[in-house]
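Colleague: Take a look at this one; I'll ask things after.
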Amino acid sequence: MVRTTVSVIKADIGGLAGHHIVHPKLKEIAASELAEAKSSRIIEDFYITSVGDDLQLIMTHRKGVDSSEVHGLAWNTFKKCADAAKELGLYGAGQDLLKDAFSGNLRGMGPGVAEMEFEERPSDPIVVFMADKTEPGAFNLPIFKIFADPFNTAGLVIDPKLHSGFIFEIMDVIESKVVELSSPEDMYDILSIIGTPSRYVIKRVFRKVDREIAASISTTRLSLIAGKYVGKDDPVAIVRAQAGFPALGEILEPFSFPFLVAGWMRGSHAGPLMPVSERDARPTRFDGPPRIVALGFQVKDSKLIGPSDLFSDVAFDETRRMANFIADYMRRHGPFMPHRLGPEEMEYTTLPEVLKKLEGKFRHE
Ligand code: F6R
Ligand code: MG
Ligand code: MG
């Protein structure tokens, strides 16, 4: 049986008018690079898009996860786009390409990666999520709800294939350790750590009955790689749908609530995550608010059929209205917590430079 790998690889390699959108020229370059790779069968299919200032390469292939060929293709594509970004004078050209030379794998090099390999079912729907102006931990709440909350996912209660639950692989991004916990038995343990999304990030989810992969999320923390503030790590995720996995609507349901995430202006503020269509993935207000796009595909013979732009549904209009309301409310706090993030997270921003200047001015009381 043929096994298909879906790789979603993204990077911010330069923005048009600041940290805003990707210039169409970069998408053209990426499309022509991937078309060439498709004709030489490095990949089987691809779809290029952008969310805010992040260029997104959605690819299918038969090389498995962590393939040096596929990662190398993404790296070289980003490099070419970065060269064009420099020529066009785009803002922050090449900013997420943190290393000079590619050494076989994108891990620790800057771009965000979510990948999964599976044997295709006769009909295999997936959802690709892409967010801008937030961090990988932003997926903790919705992924938990999709795979562990019976008030979100009816199938956990009434579908025998989902009823035994899911396994969560959770990464401690500060100490680079992972732990596997099982829902429903370990539900409270899971929540005790993923409620700190800046540190504990759900990386993968497996179906318990057969350990089949169900979801994969990017876990890059740019500031931890670079040792300094380089923006938030605008994350991506892949989730499998239907027939033994949560239904499409169960996967989208958590996003009907515009929950607060870290990111927004200067990666330093809490704000509502707004679900939007590809067309509306253009953050402006206070460099935001943070937003997320969801694309639905069918995977067939390692080809991508689709996409459908899932949050373009009017059923999410009310969520967007609420997100705008919350954005107003949060903004009125100005530089005060909890709108501005707490001190631990500000350590990874430019605030320490400002605080250093103040050090000498304090006197003991
Ligand atoms: C957030 C983000 C932007 C920038 C902000 C300042 O992830 O990328 O909010 O942090 O626009 O950017 P610089 O310091 O490049 O002027
Ligand atoms: Mg940016
Ligand atoms: Mg971005």
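Order determines the names: the first chain of the structure tokens is A, the second B, and so forth; residues in each chain are numbered 1 upward, and ligands are numbered 1 upward as they are shown.
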Could I get the residues of chain A with an atom no further than 9 Å from an atom of ligand 2, each paired with its nearest atom pair and that distance in Å to one decimal, using only C-alpha atoms and all ligand atoms, sorted by chain and residue number, as a tab-separated table?
Modeller:
residue	atom	partner	partner_atom_place_in_ligand_line	distance
A:Ala11	CA	ligand 2	1 (Mg)	8.9
A:Asp12	CA	ligand 2	1 (Mg)	5.7
A:Ile13	CA	ligand 2	1 (Mg)	8.0
A:Gly14	CA	ligand 2	1 (Mg)	7.3
A:Gly15	CA	ligand 2	1 (Mg)	6.9
A:Gly18	CA	ligand 2	1 (Mg)	7.8
A:His19	CA	ligand 2	1 (Mg)	4.5
A:His20	CA	ligand 2	1 (Mg)	7.2
A:Ile21	CA	ligand 2	1 (Mg)	8.8
A:Gly52	CA	ligand 2	1 (Mg)	8.0
A:Asp53	CA	ligand 2	1 (Mg)	5.5
A:Asp54	CA	ligand 2	1 (Mg)	7.0
A:Tyr91	CA	ligand 2	1 (Mg)	8.6
A:Gly92	CA	ligand 2	1 (Mg)	7.3
A:Gln95	CA	ligand 2	1 (Mg)	7.9
A:Asp96	CA	ligand 2	1 (Mg)	8.5
A:Asp132	CA	ligand 2	1 (Mg)	8.3
A:Lys133	CA	ligand 2	1 (Mg)	7.5
A:Val230	CA	ligand 2	1 (Mg)	8.4
A:Gly231	CA	ligand 2	1 (Mg)	6.2
A:Lys232	CA	ligand 2	1 (Mg)	7.6
A:Asp233	CA	ligand 2	1 (Mg)	8.8
A:Asp234	CA	ligand 2	1 (Mg)	8.4
Colleague: Which residues, written as number ranges by chain, have at least one atom at most 6 Å from Phe206 in chain A, with only C-alpha atoms counted and residues fewer than 6 positions away on the same chain left out?
Modeller: A: 166-167, 212-214
Colleague: Measuring between only C-alpha atoms, which one of A:Ala315, A:Ala35, A:Ala85, A:Ile9 shows the shortest distance to Arg107 in chain A?
Modeller: A:Ile9
Colleague: Could you check how far CA of Leu260 in chain A sits from CA of Ser192 in chain A, in Å to one decimal?
Modeller: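 One can read the CA of Leu260 in chain A to CA of Ser192 in chain A distance as 17.8 Å.
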Colleague: Which residue, A:Lys361, A:Arg291, A:Arg340, A:Lys86, has the smallest gap to Val276 in chain A when you use only C-alpha atoms?
Modeller: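 The shortest atom-to-atom distance to Val276 in chain A comes from A:Arg291.
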Colleague: Considering only C-alpha atoms and all ligand atoms, state which residue in the set A:Leu26, A:Leu310, A:Ala17, A:Ile190 is at the smallest distance from ligand 1.
Modeller: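 Looking only at the distances to ligand 1, the closest residue turns out to be A:Ala17.
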Colleague: If you run DSSP on the backbone here, which positions in range 122-283 of chain A get helix (DSSP H, G or I)? Please write them as a count of residues only.
Modeller: 45
Colleague: Which is closest to Tyr329 in chain A among A:Lys303, A:Lys25, A:Gly271, A:Val2, if we use only C-alpha atoms?
Modeller: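 With only C-alpha atoms as the atom set, the closest residue is A:Gly271.
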Colleague: Could you check the closest approach to ligand 3 for each of A:Ala114, A:Met346, A:Met109, A:Met130 and tell me which residue wins, using only C-alpha atoms and all ligand atoms?
Modeller: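 Looking at the shortest contact to ligand 3, the residue is A:Met130.
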Colleague: Using CA of Lys357 in chain A and CA of Pro343 in chain A as the two end points, give the distance in Å to one decimal.
Modeller: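 If I compute the distance from CA of Lys357 in chain A to CA of Pro343 in chain A, I get 16.6 Å.
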Colleague: Determine which residues of range 116-291 of chain A receive a DSSP assignment of strand (DSSP E or B), computed from the backbone, and state them as a VMD selection string.
Modeller: chain A and resid 116 to 119 124 to 132 134 166 to 172 177 to 183 200 to 207 213 to 217 236 to 240 260 to 263 269 to 272 274 to 275 285 288 291
